$ cat target01.txt   # compact mmCIF, C-alpha atoms and all ligand atoms
# COMPACT_ATOMS: atom_id res chain seq x y z
CA MET A 1 0.00 0.00 0.00
CA ALA A 2 1.42 3.39 -1.02
CA GLN A 3 1.99 5.91 1.76
CA GLN A 4 0.44 9.23 0.74
CA VAL A 5 1.59 11.00 3.90
CA ASP A 6 4.22 10.81 6.64
CA VAL A 7 1.98 10.98 9.73
CA LEU A 8 -1.60 9.88 10.31
CA ILE A 9 -3.36 11.98 12.95
CA VAL A 10 -6.53 10.55 14.42
CA GLY A 11 -8.93 13.32 15.46
CA ALA A 12 -9.24 16.88 14.16
CA GLY A 13 -9.97 18.61 17.48
CA LEU A 14 -7.61 21.34 18.67
CA THR A 15 -4.88 18.85 19.54
CA GLY A 16 -4.90 17.18 16.12
CA LEU A 17 -5.08 20.51 14.29
CA LEU A 18 -2.16 22.05 16.19
CA ALA A 19 -0.13 18.86 15.74
CA ALA A 20 -0.82 18.97 11.99
CA LYS A 21 0.14 22.64 11.71
CA THR A 22 3.38 22.01 13.61
CA LEU A 23 4.25 19.05 11.37
CA VAL A 24 3.59 21.07 8.20
CA GLU A 25 5.83 23.88 9.52
CA ARG A 26 8.58 21.28 9.99
CA GLY A 27 8.23 19.92 6.45
CA VAL A 28 6.30 16.75 7.37
CA ARG A 29 3.11 15.69 5.53
CA PRO A 30 0.26 14.88 7.97
CA MET A 31 -3.25 13.64 7.24
CA LEU A 32 -6.05 14.21 9.75
CA LEU A 33 -8.75 11.56 10.00
CA GLU A 34 -11.89 12.75 11.78
CA LYS A 35 -15.12 10.86 12.43
CA GLY A 36 -17.20 14.04 12.76
CA ARG A 37 -18.90 16.03 9.99
CA THR A 38 -16.70 18.97 10.88
CA VAL A 39 -13.39 19.66 12.59
CA GLY A 40 -13.23 20.82 16.22
CA GLY A 41 -14.37 17.88 18.36
CA ARG A 42 -15.20 19.26 21.79
CA MET A 43 -14.91 22.83 20.44
CA GLY A 44 -18.50 22.34 19.30
CA THR A 45 -20.91 25.02 18.10
CA ARG A 46 -24.39 23.99 17.05
CA SER A 47 -26.72 25.82 14.71
CA ILE A 48 -30.33 25.85 15.96
CA ASP A 49 -33.33 27.73 14.51
CA GLY A 50 -31.01 30.20 12.76
CA GLY A 51 -28.84 30.86 15.84
CA LEU A 52 -25.59 29.45 17.24
CA ALA A 53 -24.83 27.84 20.59
CA ASP A 54 -21.54 26.59 21.98
CA HIS A 55 -22.25 23.13 23.34
CA GLY A 56 -18.74 21.92 24.25
CA ALA A 57 -16.04 24.24 25.59
CA GLN A 58 -17.56 27.56 26.70
CA PHE A 59 -14.50 29.76 27.26
CA PHE A 60 -10.83 29.36 28.08
CA THR A 61 -8.09 30.93 30.13
CA VAL A 62 -4.43 31.51 29.29
CA ARG A 63 -1.39 30.75 31.43
CA ASP A 64 1.39 29.67 29.09
CA PRO A 65 3.45 32.46 27.38
CA GLN A 66 3.42 30.67 24.01
CA PHE A 67 -0.37 30.29 24.13
CA ARG A 68 -0.61 33.93 25.31
CA ALA A 69 1.23 35.06 22.15
CA MET A 70 -1.19 33.04 19.98
CA ILE A 71 -4.22 34.51 21.75
CA ASP A 72 -2.86 38.05 21.37
CA ARG A 73 -2.39 37.43 17.63
CA TRP A 74 -5.85 35.88 17.20
CA THR A 75 -7.39 38.74 19.17
CA LYS A 76 -5.80 41.25 16.77
CA GLU A 77 -7.07 39.18 13.83
CA GLY A 78 -10.61 39.42 15.23
CA LEU A 79 -10.97 35.70 16.05
CA VAL A 80 -10.73 35.77 19.86
CA PHE A 81 -12.46 38.12 22.31
CA GLU A 82 -12.37 38.56 26.05
CA TRP A 83 -15.80 37.55 27.33
CA SER A 84 -15.47 38.11 31.05
CA ARG A 85 -13.22 38.33 34.09
CA GLY A 86 -15.41 36.17 36.29
CA TRP A 87 -18.89 34.73 36.67
CA SER A 88 -21.81 35.15 38.99
CA ASP A 89 -22.81 32.10 41.02
CA GLY A 90 -26.45 32.98 40.39
CA SER A 91 -26.63 35.88 42.83
CA LEU A 92 -26.46 39.41 41.44
CA SER A 93 -22.80 39.89 42.28
CA VAL A 94 -20.11 38.78 39.84
CA SER A 95 -16.90 37.47 41.33
CA ARG A 96 -14.14 39.16 39.27
CA ASP A 97 -10.78 37.56 39.86
CA GLY A 98 -9.12 39.60 37.13
CA ASN A 99 -8.33 36.53 35.05
CA PRO A 100 -9.65 36.98 31.49
CA ARG A 101 -11.97 34.32 30.05
CA TYR A 102 -11.77 34.23 26.27
CA ALA A 103 -14.20 33.01 23.63
CA ILE A 104 -14.31 32.88 19.83
CA HIS A 105 -16.31 35.16 17.54
CA GLY A 106 -18.82 33.07 15.61
CA GLY A 107 -18.67 30.28 18.21
CA MET A 108 -15.86 28.14 19.61
CA ASN A 109 -15.87 25.90 16.54
CA SER A 110 -14.70 28.85 14.38
CA LEU A 111 -11.22 28.53 15.88
CA ALA A 112 -10.98 24.92 14.72
CA ARG A 113 -12.22 25.79 11.23
CA TYR A 114 -9.67 28.60 11.04
CA LEU A 115 -6.85 26.28 12.11
CA ALA A 116 -7.90 23.64 9.60
CA LEU A 117 -7.44 25.96 6.59
CA GLY A 118 -4.93 24.43 4.21
CA LEU A 119 -4.62 21.14 6.13
CA ASP A 120 -5.42 17.70 4.70
CA ALA A 121 -8.38 16.82 6.95
CA ARG A 122 -10.65 13.92 5.94
CA LEU A 123 -14.05 14.18 7.61
CA ASN A 124 -16.68 11.49 8.28
CA VAL A 125 -13.91 8.91 8.63
CA LYS A 126 -14.49 6.81 11.73
CA LEU A 127 -11.49 4.64 12.45
CA ALA A 128 -12.06 1.16 13.80
CA ALA A 129 -8.49 -0.12 14.29
CA ALA A 130 -4.83 0.88 14.21
CA ARG A 131 -2.06 -1.65 13.70
CA GLN A 132 1.60 -1.82 12.95
CA VAL A 133 2.47 -3.35 9.58
CA GLY A 134 6.22 -3.73 8.97
CA ASN A 135 7.80 -0.32 9.42
CA ALA A 136 4.51 1.59 9.10
CA TRP A 137 1.30 2.27 10.98
CA GLU A 138 -1.94 1.30 9.27
CA VAL A 139 -5.39 2.55 10.25
CA GLU A 140 -8.66 1.07 9.05
CA ASP A 141 -11.99 2.88 9.05
CA THR A 142 -15.45 1.42 9.57
CA ASN A 143 -15.86 1.03 5.78
CA GLY A 144 -12.70 -1.05 5.58
CA SER A 145 -10.57 1.68 3.89
CA ARG A 146 -6.96 1.78 5.04
CA GLN A 147 -4.18 4.35 5.23
CA ARG A 148 -0.53 3.90 6.05
CA ALA A 149 2.20 6.24 7.27
CA ARG A 150 5.57 6.32 9.02
CA ALA A 151 4.07 7.54 12.30
CA LEU A 152 0.71 7.61 14.09
CA LEU A 153 -0.55 10.37 16.39
CA LEU A 154 -3.65 9.60 18.44
CA THR A 155 -5.66 12.54 19.83
CA PRO A 156 -9.10 11.15 20.83
CA PRO A 157 -9.86 10.79 24.54
CA ILE A 158 -7.50 8.06 25.80
CA PRO A 159 -10.05 5.22 26.20
CA GLN A 160 -11.02 5.69 22.54
CA SER A 161 -7.38 5.74 21.40
CA LEU A 162 -6.61 2.58 23.38
CA GLU A 163 -9.65 0.88 21.86
CA LEU A 164 -8.30 1.53 18.34
CA LEU A 165 -4.98 -0.11 19.26
CA HIS A 166 -6.75 -2.99 20.98
CA GLU A 167 -8.81 -3.65 17.84
CA GLY A 168 -5.57 -3.67 15.84
CA GLY A 169 -4.02 -6.23 18.19
CA VAL A 170 -1.36 -3.76 19.42
CA THR A 171 0.21 -4.38 22.84
CA LEU A 172 1.81 -1.33 24.41
CA PRO A 173 4.87 -1.52 26.69
CA GLU A 174 3.79 -1.88 30.32
CA LYS A 175 4.78 1.58 31.62
CA PRO A 176 2.94 3.73 29.06
CA ARG A 177 0.02 1.30 29.03
CA ASP A 178 -0.43 1.63 32.81
CA ALA A 179 -0.11 5.42 32.66
CA LEU A 180 -2.68 5.68 29.87
CA THR A 181 -5.23 3.29 31.32
CA ALA A 182 -5.21 5.34 34.55
CA ILE A 183 -6.59 8.38 32.68
CA ASP A 184 -10.35 8.78 32.93
CA TYR A 185 -12.80 11.54 32.02
CA GLU A 186 -15.94 12.97 33.47
CA PRO A 187 -19.15 12.96 31.43
CA CYS A 188 -21.16 16.12 30.77
CA LEU A 189 -24.80 16.40 29.77
CA THR A 190 -25.47 19.59 27.85
CA GLY A 191 -28.91 21.05 27.19
CA LEU A 192 -29.51 23.66 24.49
CA PHE A 193 -32.68 25.76 24.66
CA HIS A 194 -34.18 28.24 22.23
CA VAL A 195 -35.89 30.86 24.39
CA GLU A 196 -38.17 33.63 23.14
CA GLY A 197 -38.06 36.64 25.45
CA GLU A 198 -35.54 37.91 27.96
CA THR A 199 -33.43 35.93 30.40
CA ALA A 200 -32.49 37.20 33.85
CA LEU A 201 -28.95 35.84 33.85
CA PRO A 202 -26.59 38.30 35.53
CA HIS A 203 -23.84 40.08 33.60
CA PRO A 204 -22.31 38.93 31.23
CA GLY A 205 -25.14 36.50 30.59
CA ALA A 206 -23.76 33.40 32.28
CA ILE A 207 -23.63 31.80 35.70
CA GLN A 208 -21.23 29.24 37.11
CA ARG A 209 -22.31 27.33 40.21
CA PRO A 210 -19.59 24.78 40.96
CA HIS A 211 -21.66 22.83 43.49
CA ALA A 212 -25.08 22.85 41.82
CA PRO A 213 -26.36 19.94 39.68
CA ILE A 214 -26.53 22.31 36.67
CA TYR A 215 -23.25 24.12 37.10
CA TRP A 216 -23.24 26.32 33.99
CA ILE A 217 -25.97 28.36 32.26
CA ALA A 218 -25.05 30.78 29.46
CA ASP A 219 -26.93 32.94 27.01
CA ASN A 220 -25.25 32.66 23.60
CA GLN A 221 -27.04 35.80 22.39
CA ARG A 222 -25.47 37.89 25.15
CA LYS A 223 -22.17 36.12 24.51
CA GLY A 224 -22.43 37.70 21.07
CA ILE A 225 -22.36 34.59 18.90
CA SER A 226 -26.10 34.31 18.20
CA PRO A 227 -27.38 37.84 17.51
CA GLY A 228 -30.86 36.99 16.19
CA VAL A 229 -31.82 34.03 18.34
CA ARG A 230 -31.62 33.51 22.10
CA LEU A 231 -30.03 30.10 22.66
CA ILE A 232 -29.18 28.99 26.18
CA THR A 233 -26.47 26.42 26.96
CA MET A 234 -26.85 24.46 30.22
CA GLN A 235 -24.28 21.99 31.48
CA ALA A 236 -24.72 19.47 34.28
CA GLY A 237 -21.89 18.82 36.72
CA PRO A 238 -20.08 15.45 36.71
CA SER A 239 -22.13 13.67 39.38
CA TYR A 240 -25.50 14.89 38.05
CA SER A 241 -24.37 13.96 34.51
CA ARG A 242 -23.46 10.47 35.68
CA GLN A 243 -26.77 10.14 37.54
CA LEU A 244 -28.91 11.10 34.52
CA TYR A 245 -26.70 9.86 31.68
CA ASP A 246 -28.72 6.82 30.58
CA ARG A 247 -32.16 8.35 31.00
CA ALA A 248 -34.30 9.29 28.00
CA ASP A 249 -33.55 12.67 26.39
CA ASP A 250 -36.96 14.07 27.34
CA ASP A 251 -36.48 13.14 31.01
CA ILE A 252 -33.07 14.82 31.13
CA LEU A 253 -34.28 17.95 29.35
CA LYS A 254 -37.23 18.15 31.73
CA SER A 255 -34.90 18.37 34.71
CA PHE A 256 -32.80 21.03 32.93
CA ARG A 257 -35.96 23.10 32.28
CA VAL A 258 -36.69 23.26 36.01
CA ASP A 259 -33.34 25.01 36.52
CA LEU A 260 -33.78 27.28 33.51
CA GLN A 261 -37.29 28.49 34.33
CA PRO A 262 -36.29 30.96 37.11
CA PHE A 263 -34.08 32.78 34.58
CA VAL A 264 -36.73 33.08 31.85
CA SER A 265 -38.82 36.27 31.99
CA GLN A 266 -42.55 35.98 32.72
CA ASP A 267 -43.55 36.57 29.11
CA GLY A 268 -40.74 34.35 27.80
CA ARG A 269 -41.13 30.77 26.58
CA ILE A 270 -38.94 27.82 25.65
CA VAL A 271 -39.44 27.10 21.94
CA SER A 272 -37.22 24.04 21.48
CA ALA A 273 -34.72 21.94 23.42
CA TYR A 274 -31.84 19.63 22.46
CA LEU A 275 -29.55 17.33 24.40
CA LYS A 276 -25.89 16.47 23.84
CA ARG A 277 -24.22 13.67 25.80
CA TRP A 278 -20.46 14.09 26.17
CA ARG A 279 -19.09 10.79 27.46
CA TYR A 280 -15.57 12.24 27.70
CA SER A 281 -15.85 15.92 28.52
CA GLN A 282 -12.75 16.72 30.58
CA PRO A 283 -10.00 14.52 32.08
CA LEU A 284 -10.17 13.68 35.77
CA THR A 285 -6.42 13.15 35.86
CA THR A 286 -3.68 14.27 33.51
CA TYR A 287 -0.39 12.77 32.38
CA PRO A 288 2.46 15.02 33.60
CA GLU A 289 4.07 15.58 30.16
CA SER A 290 2.54 17.39 27.16
CA CYS A 291 2.43 14.16 25.16
CA LEU A 292 3.52 10.54 25.35
CA VAL A 293 5.69 9.23 22.53
CA ILE A 294 6.68 5.61 21.98
CA GLU A 295 9.63 5.85 19.59
CA GLU A 296 10.27 2.22 18.70
CA PRO A 297 9.75 0.30 16.50
CA VAL A 298 7.48 2.75 14.60
CA PRO A 299 6.72 6.17 16.13
CA LEU A 300 3.43 6.33 18.03
CA ALA A 301 2.31 9.44 19.92
CA PHE A 302 -0.59 10.15 22.27
CA ALA A 303 -1.72 13.73 22.79
CA GLY A 304 -4.73 15.73 23.97
CA ASP A 305 -6.14 17.62 26.89
CA ALA A 306 -5.18 14.77 29.22
CA PHE A 307 -1.49 15.66 28.75
CA GLY A 308 0.14 18.52 30.62
CA SER A 309 -2.67 20.91 31.43
CA PRO A 310 -6.37 20.29 30.68
CA GLY A 311 -8.87 22.29 28.64
CA VAL A 312 -8.43 24.32 25.49
CA GLU A 313 -4.97 25.57 26.45
CA GLY A 314 -3.80 22.06 27.33
CA ALA A 315 -5.04 20.67 23.99
CA VAL A 316 -3.27 23.41 21.99
CA LEU A 317 0.03 22.94 23.85
CA SER A 318 -0.17 19.16 23.68
CA GLY A 319 -0.82 19.23 19.93
CA MET A 320 2.20 21.44 19.31
CA ALA A 321 4.42 19.31 21.57
CA ALA A 322 3.35 16.05 19.92
CA GLY A 323 3.73 17.45 16.40
CA GLY A 324 7.22 18.69 17.26
CA ALA A 325 8.26 15.40 18.86
CA VAL A 326 7.07 13.34 15.90
CA ALA A 327 8.78 15.69 13.40
CA THR A 328 12.06 15.23 15.30
CA LEU A 329 11.68 11.45 15.25
CA LEU A 330 11.17 11.60 11.48
CA GLY A 331 14.39 13.57 11.16
CA LYS A 332 12.74 16.94 10.36
C1 LIG B 401 -19.17 20.04 27.67
C2 LIG B 401 -17.75 20.49 27.67
C3 LIG B 401 -17.40 21.70 28.25
C4 LIG B 401 -16.08 22.13 28.24
N1 LIG B 401 -15.79 23.34 28.74
C5 LIG B 401 -14.53 23.80 28.64
C6 LIG B 401 -14.24 25.13 29.00
O1 LIG B 401 -15.13 25.92 29.33
N2 LIG B 401 -12.94 25.55 28.93
C7 LIG B 401 -11.93 24.73 28.49
O2 LIG B 401 -10.77 25.16 28.43
N3 LIG B 401 -12.21 23.48 28.08
C8 LIG B 401 -13.47 23.01 28.13
N4 LIG B 401 -13.75 21.75 27.68
C9 LIG B 401 -12.66 20.90 27.25
C10 LIG B 401 -12.16 21.25 25.84
O3 LIG B 401 -13.24 21.28 24.96
C11 LIG B 401 -11.18 20.18 25.43
O4 LIG B 401 -10.13 20.16 26.39
C12 LIG B 401 -10.54 20.35 24.06
O5 LIG B 401 -11.46 20.80 23.10
C13 LIG B 401 -9.96 19.00 23.68
O6 LIG B 401 -9.46 19.01 22.37
P1 LIG B 401 -8.81 17.67 21.79
O7 LIG B 401 -8.43 17.94 20.39
O8 LIG B 401 -7.75 17.19 22.73
O9 LIG B 401 -9.96 16.57 21.87
P2 LIG B 401 -11.29 16.48 21.00
O10 LIG B 401 -11.82 17.82 20.73
O11 LIG B 401 -12.16 15.50 21.70
O12 LIG B 401 -10.78 15.88 19.62
C14 LIG B 401 -10.64 14.51 19.39
C15 LIG B 401 -11.24 14.21 18.03
O13 LIG B 401 -11.07 12.82 17.75
C16 LIG B 401 -12.17 12.41 17.00
N5 LIG B 401 -12.27 10.95 17.10
C17 LIG B 401 -12.48 10.19 18.21
N6 LIG B 401 -12.50 8.88 17.89
C18 LIG B 401 -12.29 8.82 16.56
C19 LIG B 401 -12.21 7.73 15.63
N7 LIG B 401 -12.37 6.44 16.01
N8 LIG B 401 -11.99 8.01 14.32
C20 LIG B 401 -11.85 9.30 13.90
N9 LIG B 401 -11.92 10.37 14.73
C21 LIG B 401 -12.13 10.13 16.04
C22 LIG B 401 -13.35 13.12 17.68
O14 LIG B 401 -14.48 13.18 16.82
C23 LIG B 401 -12.75 14.48 17.99
O15 LIG B 401 -13.02 15.42 16.97
C24 LIG B 401 -15.09 21.32 27.65
C25 LIG B 401 -15.43 20.12 27.04
C26 LIG B 401 -16.76 19.71 27.04
C27 LIG B 401 -17.12 18.44 26.33
$ encode --input "target01.txt" --output "structure tokens"
Amino acid sequence: MAQQVDVLIVGAGLTGLLAAKTLVERGVRPMLLEKGRTVGGRMGTRSIDGGLADHGAQFFTVRDPQFRAMIDRWTKEGLVFEWSRGWSDGSLSVSRDGNPRYAIHGGMNSLARYLALGLDARLNVKLAAARQVGNAWEVEDTNGSRQRARALLLTPPIPQSLELLHEGGVTLPEKPRDALTAIDYEPCLTGLFHVEGETALPHPGAIQRPHAPIYWIADNQRKGISPGVRLITMQAGPSYSRQLYDRADDDILKSFRVDLQPFVSQDGRIVSAYLKRWRYSQPLTTYPESCLVIEEPVPLAFAGDAFGSPGVEGAVLSGMAAGGAVATLLGK
């Protein structure tokens, strides 16, 4: 089988996209394989009734100087904006800790689409197995199509990456295998509601209640990404998500509505409601390094928000680190 590219990257979320960009900059040819209809993964923005709602990551913070430089550049380019410096817990006061929370104009997914420009990203390709064949890695999708390359970079949540290797009959060395199997994620149930009328969410149109069953409620219209339509994003905390996860959609949405109702004005009404189940929303534990690379016999790298730091920043930094490490292994 001819190798069209040097590196196969599974997943076109932020990690995969940043890894691909880094590889291209180093003169390596990557191909992204993504099961979704669009790039972005957990940077998800959904279009509902003519409006937009972020239903995965809601905002992000910046700590790392390299990421800071990227955010400054993207802010100048009109991609990133500062949304807030803190959230209300539902009372009228907003706790401002001075730490900027950023979001993306046009919805969080716009960042992923921007990063994907010029990259070889194949969408609607769900991989079923990854195996080593001679001195190459081969991946096979659910239609039986295969691709080969000199290196493989896995960016899905770790249990999904391990499943691909398991299906391909790959046995990892004991140390990395133990480290990877210890990584788990919390689930997150997300409700999206189209509301006609005003909402009484305090400035800037979002509340964060770390100890409540529904810990996050945000108005995407006031966020600025859905000018014509008021779409509300509600996210359940980990234990409430686990408790409700297997219930019927209608049951789950009913319990979300109870929490939303106090914030909908008297003449307002809920027009439509949608549910998204995130099985792997955020890692419970992280691997201490920005990526995990197994050099021999054929380069294999694991990256994502479970490496180094979590969240959007962690995914970006992990993608760059993994792309750089694989480029070095390929002599670039
Ligand atoms: C509900 C929710 C709220 C969040 N809130 C925040 C927040 O406010 N702030 C913050 O910083 N972070 C937040 N996060 C986390 C943040 O979204 C992630 O850390 C980040 O987007 C992870 O990017 P990634 O590329 O590592 O993973 P992903 O975005 O998950 O990318 C992995 C990709 O792999 C693809 N894939 C998986 N299996 C296969 C397969 N077999 N074949 C092909 N493709 C496959 C997936 O479709 C996906 O696109 C939130 C996440 C969720 C779900």
$ closest_atom_pairs --input "target01.txt" --of "region 54-91 of chain A" --to "region 225-247 of chain A" --cutoff "10 Å" --atoms "all atoms listed in the file" --output "tab-separated table"
residue	atom	partner	partner_atom	distance
A:Asp54	CA	A:Thr233	CA	7.0
A:His55	CA	A:Thr233	CA	6.5
A:Gly56	CA	A:Gln235	CA	9.1
A:Gln58	CA	A:Thr233	CA	9.0
$ atom_distance --input "target01.txt" --atom1 "CA of Thr15 (chain A)" --atom2 "atom O6 of ligand LIG 401 (chain B)"
5.4 Å
$ residues_near_ligand --input "target01.txt" --ligand "ligand LIG 401 (chain B)" --cutoff "6 Å" --atoms "all atoms listed in the file" --output "number ranges by chain"
A: 10-16, 33-36, 40-43, 56-60, 125-128, 155-157, 160, 188, 278, 281-282, 304-305, 310-312, 315
$ closest_residue --input "target01.txt" --among "A:Leu23, A:Gly308, A:Val139, A:His166" --to "Cys291 (chain A)" --atoms "only C-alpha atoms"
A:Gly308
$ residues_around --input "target01.txt" --residues "Ala129 (chain A)" --least-positions-apart "6" --cutoff "8 Å" --atoms "only C-alpha atoms" --output "list in words"
Val139, Glu140, Asp141, Glu163, Leu164, Leu165, His166, Glu167 and Gly168 of chain A
$ write_last_selection --input "target01.txt" --atoms "C-alpha atoms" --output "tab-separated table (two decimals), in the coordinates of the input"
chain	number	residue	atom	x	y	z
A	139	VAL	CA	-5.39	2.55	10.25
A	140	GLU	CA	-8.66	1.07	9.05
A	141	ASP	CA	-11.99	2.88	9.05
A	163	GLU	CA	-9.65	0.88	21.86
A	164	LEU	CA	-8.30	1.53	18.34
A	165	LEU	CA	-4.98	-0.11	19.26
A	166	HIS	CA	-6.75	-2.99	20.98
A	167	GLU	CA	-8.81	-3.65	17.84
A	168	GLY	CA	-5.57	-3.67	15.84
$ closest_residue --input "target01.txt" --among "A:Trp137, A:Phe263, A:Trp87, A:Phe193" --to "Ile48 (chain A)" --atoms "only C-alpha atoms"
A:Phe193
$ closest_residue --input "target01.txt" --among "A:Thr61, A:Lys21, A:Tyr287, A:Asp219" --to "Ile207 (chain A)" --atoms "all atoms listed in the file"
A:Asp219
$ atom_distance --input "target01.txt" --atom1 "CA of Ser265 (chain A)" --atom2 "CA of Ala212 (chain A)"
21.6 Å
$ residues_near_point --input "target01.txt" --point "(2.0, 17.3, 21.7)" --cutoff "6 Å" --atoms "only C-alpha atoms" --output "list in words"
Ser290, Cys291, Ala303, Ser318, Gly319, Met320, Ala321, Ala322 and Gly323 of chain A
$ atom_distance --input "target01.txt" --atom1 "CA of Leu260 (chain A)" --atom2 "CA of Ile217 (chain A)"
8.0 Å
$ axis_aligned_box --input "target01.txt" --around "region 67-84 of chain A" --padding-each-side "8 Å" --output "JSON"
{"center_x": -7.3, "center_y": 35.8, "center_z": 22.4, "size_x": 33.0, "size_y": 27.0, "size_z": 33.2}
$ residues_near_point --input "target01.txt" --point "(-38.2, 20.2, 32.4)" --cutoff "12 Å" --atoms "only C-alpha atoms" --output "JSON, numbers by chain"
{"A": [191, 193, 249, 250, 251, 252, 253, 254, 255, 256, 257, 258, 259, 260, 261, 262, 270, 272, 273, 274]}
$ closest_residue --input "target01.txt" --among "A:Asp64, A:Glu82, A:Glu77, A:Asp6" --to "Gly314 (chain A)" --atoms "all atoms listed in the file"
A:Asp64
$ residues_around --input "target01.txt" --residues "Val39 (chain A)" --least-positions-apart "6" --cutoff "10 Å" --atoms "only C-alpha atoms" --output "VMD selection string"
chain A and resid 11 to 14 16 to 17 32 to 33 109 to 116 121 to 124
$ residues_around --input "target01.txt" --residues "Leu152 (chain A)" --least-positions-apart "5" --cutoff "8 Å" --atoms "all atoms listed in the file" --output "ChimeraX atom specification"
/A:7-10,137,299-301
$ closest_residue --input "target01.txt" --among "A:Gln266, A:Ser309, A:Gln132, A:Ser161" --to "Gln147 (chain A)" --atoms "all atoms listed in the file"
A:Gln132
$ closest_residue --input "target01.txt" --among "A:Ile294, A:Leu79, A:Leu172, A:Leu153" --to "Pro30 (chain A)" --atoms "all atoms listed in the file"
A:Leu153
$ residues_around --input "target01.txt" --residues "Gly90 (chain A)" --least-positions-apart "3" --cutoff "10 Å" --atoms "only C-alpha atoms" --output "ChimeraX atom specification"
/A:87,93-94,200-202,206-209,215-217,263
